[in-house]
Structure formats: structure tokens, C-alpha cells
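Asks: Please find my_file.txt (compact mmCIF, C-alpha atoms and all ligand atoms) on the next line:
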```
# COMPACT_ATOMS: atom_id res chain seq x y z
CA MET A 7 -159.14 -65.50 -70.34
CA GLY A 8 -158.81 -67.35 -67.03
CA TRP A 9 -161.08 -66.67 -64.09
CA SER A 10 -163.88 -65.53 -66.37
CA TRP A 11 -167.53 -66.52 -66.40
CA LYS A 12 -169.71 -66.58 -69.45
CA MET A 13 -172.56 -64.07 -69.14
CA GLY A 14 -174.18 -64.80 -72.45
CA ARG A 15 -173.81 -64.58 -76.20
CA MET A 16 -174.46 -61.50 -78.32
CA PHE A 17 -174.41 -61.56 -82.12
CA GLY A 18 -172.73 -64.95 -81.93
CA ILE A 19 -169.94 -63.66 -79.67
CA ASP A 20 -169.47 -65.05 -76.17
CA VAL A 21 -169.40 -62.33 -73.51
CA TYR A 22 -167.47 -63.08 -70.35
CA VAL A 23 -167.05 -61.26 -67.08
CA HIS A 24 -163.76 -61.56 -65.25
CA ALA A 25 -163.78 -62.51 -61.57
CA THR A 26 -162.17 -59.18 -60.65
CA PHE A 27 -165.20 -57.42 -62.11
CA ALA A 28 -167.47 -59.17 -59.59
CA VAL A 29 -165.10 -58.07 -56.82
CA PHE A 30 -165.25 -54.53 -58.17
CA LEU A 31 -169.07 -54.55 -58.15
CA GLY A 32 -168.98 -55.81 -54.57
CA TRP A 33 -166.68 -52.94 -53.65
CA VAL A 34 -169.04 -50.43 -55.32
CA ALA A 35 -171.99 -51.87 -53.38
CA LEU A 36 -170.13 -51.83 -50.07
CA SER A 37 -168.62 -48.37 -50.44
CA THR A 38 -171.98 -46.91 -51.53
CA TYR A 39 -173.73 -48.46 -48.56
CA LEU A 40 -171.08 -47.30 -46.09
CA ARG A 41 -171.38 -43.76 -47.50
CA THR A 42 -175.19 -43.54 -47.59
CA HIS A 43 -176.37 -46.30 -45.21
CA GLU A 44 -179.26 -46.94 -47.60
CA SER A 45 -179.85 -50.21 -49.44
CA ALA A 46 -181.68 -48.42 -52.26
CA GLU A 47 -178.63 -46.19 -52.91
CA MET A 48 -176.45 -49.29 -52.92
CA VAL A 49 -178.63 -50.89 -55.60
CA VAL A 50 -178.58 -47.67 -57.67
CA GLY A 51 -174.78 -47.56 -57.35
CA VAL A 52 -174.48 -51.10 -58.71
CA LEU A 53 -177.05 -50.43 -61.45
CA SER A 54 -175.15 -47.31 -62.50
CA MET A 55 -171.96 -49.30 -62.78
CA LEU A 56 -173.72 -52.03 -64.77
CA ALA A 57 -175.13 -49.39 -67.13
CA VAL A 58 -171.62 -48.02 -67.68
CA PHE A 59 -170.27 -51.46 -68.42
CA GLY A 60 -173.25 -52.15 -70.67
CA SER A 61 -172.00 -49.18 -72.70
CA VAL A 62 -168.54 -50.75 -72.69
CA VAL A 63 -169.93 -54.04 -74.05
CA LEU A 64 -171.72 -52.15 -76.84
CA HIS A 65 -168.46 -50.28 -77.56
CA GLU A 66 -166.61 -53.59 -77.95
CA LEU A 67 -169.43 -54.98 -80.09
CA GLY A 68 -168.98 -51.94 -82.33
CA HIS A 69 -165.39 -53.02 -82.96
CA ALA A 70 -166.30 -56.71 -83.29
CA LEU A 71 -169.22 -56.31 -85.69
CA THR A 72 -167.30 -53.89 -87.89
CA ALA A 73 -164.38 -56.32 -88.00
CA ARG A 74 -166.83 -59.08 -88.94
CA ARG A 75 -167.75 -57.15 -92.06
CA PHE A 76 -164.12 -57.57 -93.10
CA GLY A 77 -164.14 -61.30 -92.41
CA ILE A 78 -162.50 -61.06 -88.98
CA LYS A 79 -164.08 -63.14 -86.25
CA THR A 80 -164.10 -62.09 -82.61
CA ARG A 81 -163.51 -64.98 -80.26
CA ASP A 82 -165.02 -63.35 -77.22
CA ILE A 83 -165.51 -60.16 -75.27
CA THR A 84 -164.43 -60.00 -71.63
CA LEU A 85 -165.42 -57.36 -69.09
CA LEU A 86 -162.78 -56.27 -66.62
CA PRO A 87 -162.96 -53.52 -63.99
CA ILE A 88 -160.72 -51.43 -66.25
CA GLY A 89 -162.83 -51.95 -69.35
CA GLY A 90 -163.61 -54.46 -72.04
CA VAL A 91 -161.47 -56.56 -74.32
CA ALA A 92 -162.61 -57.94 -77.68
CA ARG A 93 -160.32 -60.76 -78.78
CA MET A 94 -160.17 -60.86 -82.53
CA GLU A 95 -158.68 -63.67 -84.56
CA ARG A 96 -156.47 -61.29 -86.47
CA MET A 97 -155.89 -57.64 -87.20
CA PRO A 98 -157.47 -55.96 -90.25
CA GLU A 99 -155.26 -56.27 -93.31
CA LYS A 100 -155.92 -52.91 -94.89
CA PRO A 101 -155.35 -49.56 -93.15
CA TRP A 102 -158.82 -48.29 -94.04
CA GLN A 103 -160.33 -51.39 -92.46
CA GLU A 104 -158.28 -50.84 -89.32
CA PHE A 105 -159.35 -47.19 -89.32
CA LEU A 106 -163.05 -48.11 -89.43
CA VAL A 107 -162.73 -50.89 -86.85
CA ALA A 108 -160.86 -48.56 -84.48
CA LEU A 109 -163.45 -45.79 -84.76
CA ALA A 110 -166.47 -48.10 -84.54
CA GLY A 111 -166.19 -48.44 -80.76
CA PRO A 112 -166.18 -44.71 -79.91
CA ALA A 113 -168.87 -44.20 -82.58
CA VAL A 114 -171.18 -46.49 -80.59
CA ASN A 115 -170.70 -44.30 -77.50
CA VAL A 116 -171.46 -41.20 -79.57
CA VAL A 117 -174.70 -42.81 -80.81
CA ILE A 118 -175.71 -43.84 -77.26
CA ALA A 119 -175.01 -40.30 -76.02
CA ALA A 120 -176.99 -38.80 -78.91
CA VAL A 121 -180.00 -41.06 -78.24
CA LEU A 122 -179.93 -40.20 -74.53
CA LEU A 123 -179.54 -36.50 -75.37
CA VAL A 124 -182.62 -36.57 -77.61
CA GLY A 125 -184.58 -38.55 -75.00
CA LEU A 126 -183.72 -36.14 -72.19
CA THR A 127 -184.44 -33.12 -74.35
CA VAL A 128 -187.84 -34.46 -75.43
CA ALA A 129 -188.66 -35.31 -71.80
CA GLY A 130 -187.60 -31.83 -70.72
CA ALA A 131 -185.16 -33.30 -68.21
CA THR A 132 -181.94 -31.67 -67.12
CA LEU A 133 -178.84 -32.49 -69.15
CA VAL A 134 -176.43 -31.54 -66.38
CA PRO A 135 -176.61 -33.94 -63.45
CA ASP A 136 -176.39 -32.54 -59.94
CA LEU A 137 -173.85 -35.04 -58.70
CA ALA A 138 -173.61 -33.56 -55.22
CA ASN A 139 -177.31 -33.95 -54.47
CA ALA A 140 -178.32 -36.81 -56.74
CA ARG A 141 -180.39 -39.44 -54.96
CA GLY A 142 -181.78 -42.72 -56.21
CA MET A 143 -182.39 -42.72 -59.94
CA ASP A 144 -182.12 -38.91 -60.12
CA SER A 145 -180.20 -37.86 -63.21
CA PHE A 146 -179.29 -41.51 -63.87
CA VAL A 147 -179.79 -41.08 -67.63
CA ALA A 148 -177.97 -37.74 -67.70
CA ARG A 149 -175.01 -39.31 -65.93
CA LEU A 150 -175.01 -42.18 -68.41
CA LEU A 151 -175.06 -39.65 -71.25
CA TRP A 152 -171.94 -37.90 -69.99
CA VAL A 153 -170.22 -41.18 -69.22
CA ASN A 154 -170.64 -42.14 -72.87
CA VAL A 155 -169.35 -38.74 -74.00
CA GLY A 156 -166.34 -39.34 -71.75
CA LEU A 157 -165.81 -42.85 -73.10
CA ALA A 158 -165.84 -41.59 -76.68
CA ILE A 159 -163.40 -38.74 -75.96
CA PHE A 160 -161.11 -40.87 -73.80
CA ASN A 161 -160.84 -43.62 -76.39
CA LEU A 162 -160.15 -41.16 -79.17
CA VAL A 163 -156.94 -39.95 -77.53
CA PRO A 164 -154.46 -40.34 -80.41
CA ALA A 165 -152.02 -42.59 -78.61
CA PHE A 166 -151.59 -46.33 -78.36
CA PRO A 167 -153.26 -48.46 -77.22
CA MET A 168 -156.32 -46.24 -77.47
CA ASP A 169 -158.67 -46.44 -80.44
CA GLY A 170 -157.54 -42.95 -81.45
CA GLY A 171 -153.94 -44.19 -81.66
CA ARG A 172 -154.94 -47.05 -83.91
CA ALA A 173 -157.02 -44.78 -86.10
CA LEU A 174 -154.13 -42.31 -86.37
CA ARG A 175 -151.69 -45.05 -87.28
CA ALA A 176 -154.09 -46.39 -89.92
CA LEU A 177 -154.52 -42.87 -91.27
CA LEU A 178 -150.75 -42.40 -91.54
CA ALA A 179 -150.48 -45.74 -93.34
CA LEU A 180 -153.31 -44.72 -95.66
CA ARG A 181 -151.34 -41.61 -96.61
CA GLY A 182 -148.33 -43.79 -97.30
CA ASP A 183 -146.38 -42.52 -94.29
CA TYR A 184 -145.36 -45.97 -93.09
CA VAL A 185 -142.33 -44.65 -91.21
CA ALA A 186 -144.45 -42.46 -88.95
CA ALA A 187 -147.06 -45.21 -88.63
CA THR A 188 -144.49 -47.78 -87.61
CA ARG A 189 -142.82 -45.32 -85.23
CA LEU A 190 -146.16 -44.71 -83.55
CA ALA A 191 -146.73 -48.46 -83.22
CA ALA A 192 -143.18 -49.00 -81.96
CA SER A 193 -143.68 -46.40 -79.24
CA TRP A 194 -146.50 -48.56 -77.92
CA ALA A 195 -144.46 -51.75 -78.35
CA ARG A 196 -141.74 -50.22 -76.15
CA ALA A 197 -144.27 -49.21 -73.52
CA SER A 198 -146.25 -52.46 -73.56
CA PRO A 199 -144.07 -54.48 -71.14
CA SER A 200 -145.12 -52.24 -68.27
CA SER A 201 -148.38 -52.95 -66.56
CA SER A 202 -149.12 -49.26 -66.25
CA ALA A 203 -149.21 -48.97 -70.03
CA CYS A 204 -151.88 -51.63 -70.09
CA SER A 205 -154.00 -50.07 -67.42
CA GLY A 206 -153.85 -46.95 -69.55
CA CYS A 207 -156.39 -48.64 -71.81
CA SER A 208 -158.73 -47.90 -68.98
CA THR A 209 -162.45 -47.64 -68.86
CA THR A 210 -163.22 -48.89 -72.20
CA ARG A 211 -160.23 -50.66 -73.43
CA SER A 212 -159.43 -50.80 -77.05
CA TRP A 213 -160.24 -53.78 -79.15
CA SER A 214 -157.35 -56.16 -79.36
CA SER A 215 -156.11 -59.06 -81.35
CA SER A 216 -155.86 -62.39 -79.62
CA ARG A 217 -152.68 -63.23 -77.83
CA SER A 218 -151.96 -66.08 -80.21
CA SER A 219 -152.34 -63.99 -83.34
CA SER A 220 -150.54 -61.03 -81.82
CA GLY A 221 -147.43 -63.12 -81.52
CA SER A 222 -147.21 -63.44 -85.27
CA ALA A 223 -148.27 -59.92 -86.08
CA PRO A 224 -145.73 -57.67 -87.77
CA PRO A 225 -144.31 -54.78 -85.71
CA ALA A 226 -146.48 -52.26 -87.50
CA ARG A 227 -149.58 -53.98 -86.17
CA PRO A 228 -149.14 -54.26 -82.45
CA PRO A 229 -151.71 -55.93 -80.26
CA GLY A 230 -153.90 -53.91 -77.98
CA CYS A 231 -153.58 -54.52 -74.33
CA GLY A 232 -155.13 -57.57 -72.93
ZN ZN B 301 -162.41 -49.31 -78.28
```
Starting from the file, give its structure as C-alpha cells.

Replies:
Amino acid sequence: MGWSWKMGRMFGIDVYVHATFAVFLGWVALSTYLRTHESAEMVVGVLSMLAVFGSVVLHELGHALTARRFGIKTRDITLLPIGGVARMERMPEKPWQEFLVALAGPAVNVVIAAVLLVGLTVAGATLVPDLANARGMDSFVARLLWVNVGLAIFNLVPAFPMDGGRALRALLALRGDYVAATRLAASWARASPSSSACSGCSTTRSWSSSRSSSGSAPPARPPGCG
């Protein structure tokens, strides 16, 4: 993806950050400072955003590493302000593989949330962040917990291009209902030309096939956005 910088390599997969993400972080820093007039709050604001996007990277790695078990390589993962994109060399061939790959991302967010929940409970900390009065690192972990709960729920919405839509389509195909599965995929294919449909992938965008492989994919296996 153009205008992207390589941040590093995780599990053999290059992780990039798009230039617009840096602009977004700058906006978070500036808006936080203008609101609070405190440098420390500005740093916390940026750290919070980085923690959220760290969760997004792990979400995408969930997709990528599950796909790897089925022999599918992921070319790279790119972070955008609207989420992450894992570019896979091809789509899974079998519906059950697609089902598992689709659910692996949200499952990572569920695990993160569960670990944070246990940690907060053991520490006797509050699970419900006081957003109105939170200062500094107050309730940072609790906020991250609920962000991950939100990411899991949001991505499980059963509509394309969300992970839930892919899982539903795979499930329909597994049951032999290819007509319904293809209709579901076609509904996304019709919507895909609009940019708003793509931004609908939002905070943690679904895993996607590469642009090159998506061009040759059959209609029943549409590419994710990005
Ligand atoms: Zn996903």
C-alpha cells in the first residue's frame, strides 16, 4: 500500500503504518492538548490510541496466523486510522477454513478483554471507567478492556465486509445453502464501489485478500475492503 512505512515484522509478517495514521495520531495529540492544556494528558491520549491500534494489529494477526495454518500467506498488515488490513495471498478454499479465519480476529479481542478482566478483578480495580473524570492513566486498562469488547462485537456484525458477514456466508456455504451465501456476498459486491461501504469496515477492518488475488476470485468470495 502506498504512503506506508514499515514499523516492524511480527511472526514473519511485515507490519506497516499508513501516513494518514500518523496524521491521525497528530490530531489526537493536538485535540487532547487543546482540550486539557496538559502535556501529560496529551501523551496519555496518544498512548491510549496506540493501545487500541495494538489491539487491532493483534486482531489482524489472529486472521493471518489462522490463515497460515491453512497454507495461506499474509503479505503484510497495514494500520490505517479506520482500522487494519491484512493482505492475504488468497482466500481460504473451504468454507470451514473461511469460517475459522473470519472468527479468529474477533476471538483475539475476546481473549484480550478476558485477560484484562481477570487482571482488573484480581487487582480489585474498577471495571467501569469514569470517562468524565478520568485523568492520566486512570482507568486506562478498563477502557482498553471495553474497547476490545466493542471491537469484537462490532466485527461480528453479520454483514459484509465485517468478519461476522464472512463467517455467516461460510456457515451458509457449509450448510449447502450456496444461493443464500452467494446472495450475501453479492450484496457486498454491489455496495463495494462506494467509499462509504469501505469505511464501514471501520475500527478494526476485516481481513482481506490482496487486490491482485481478489481480481480473480469468484463472485462468492468477494474481497474485503482495502
Ligand atoms: Zn477482522

Asks: Residues within 10 Å of ligand ZN 301 (chain B) (only C-alpha atoms and all ligand atoms), as a ChimeraX atom specification?

Replies: /A:62-70,89-92,107-115,157-158,160-162,167-170,172,207,209-214,230

Asks: To one decimal place in Å, what is the distance between atom CA of Phe30 of chain A and atom CA of Ser10 of chain A?

Replies: 13.8 Å

Asks: Between atom CA of Gly125 of chain A and atom CA of Val155 of chain A, measure the distance and give it in Å to one decimal.

Replies: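 Computing the Euclidean distance for atom CA of Gly125 of chain A and atom CA of Val155 of chain A yields 15.3 Å.
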
Asks: Around all listed atoms of segment 147-154 of chain A, padded 5 Å per side, what centre and edge lengths does the axis-aligned box have in Å to one decimal, as lines of an AutoDock Vina configuration file?

Replies:
```
center_x = -175.0
center_y = -40.0
center_z = -69.4
size_x = 19.6
size_y = 14.4
size_z = 16.9
```

Asks: Could you check how far atom CA of Thr80 of chain A sits from atom CA of Arg96 of chain A, in Å to one decimal?

Replies: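 These two atoms are separated by 8.6 Å.
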
Asks: Starting from the point (-176.4, -42.6, -67.3), work out which residues of protein, DNA or RNA have an atom no more than 12 Å away when counting all atoms listed in the file; state them as a ChimeraX atom specification.

Replies: /A:50-51,53-61,115,118-119,121-123,125-126,133-135,137,143-156

Asks: Taking into account only C-alpha atoms, which residue in the set A:Ala73, A:Val185, A:Ala25, A:Val49 is nearest to Leu106 of chain A?

Replies: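 Using only C-alpha atoms, Leu106 of chain A sits closest to A:Ala73.
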
Asks: Which residues, written as an NGL selection string, have at least one atom at most 12 Å from Trp11 of chain A, with all atoms listed in the file counted and residues fewer than 2 positions away on the same chain left out?

Replies: :A and (7-9 or 13-15 or 20-28 or 82-86)
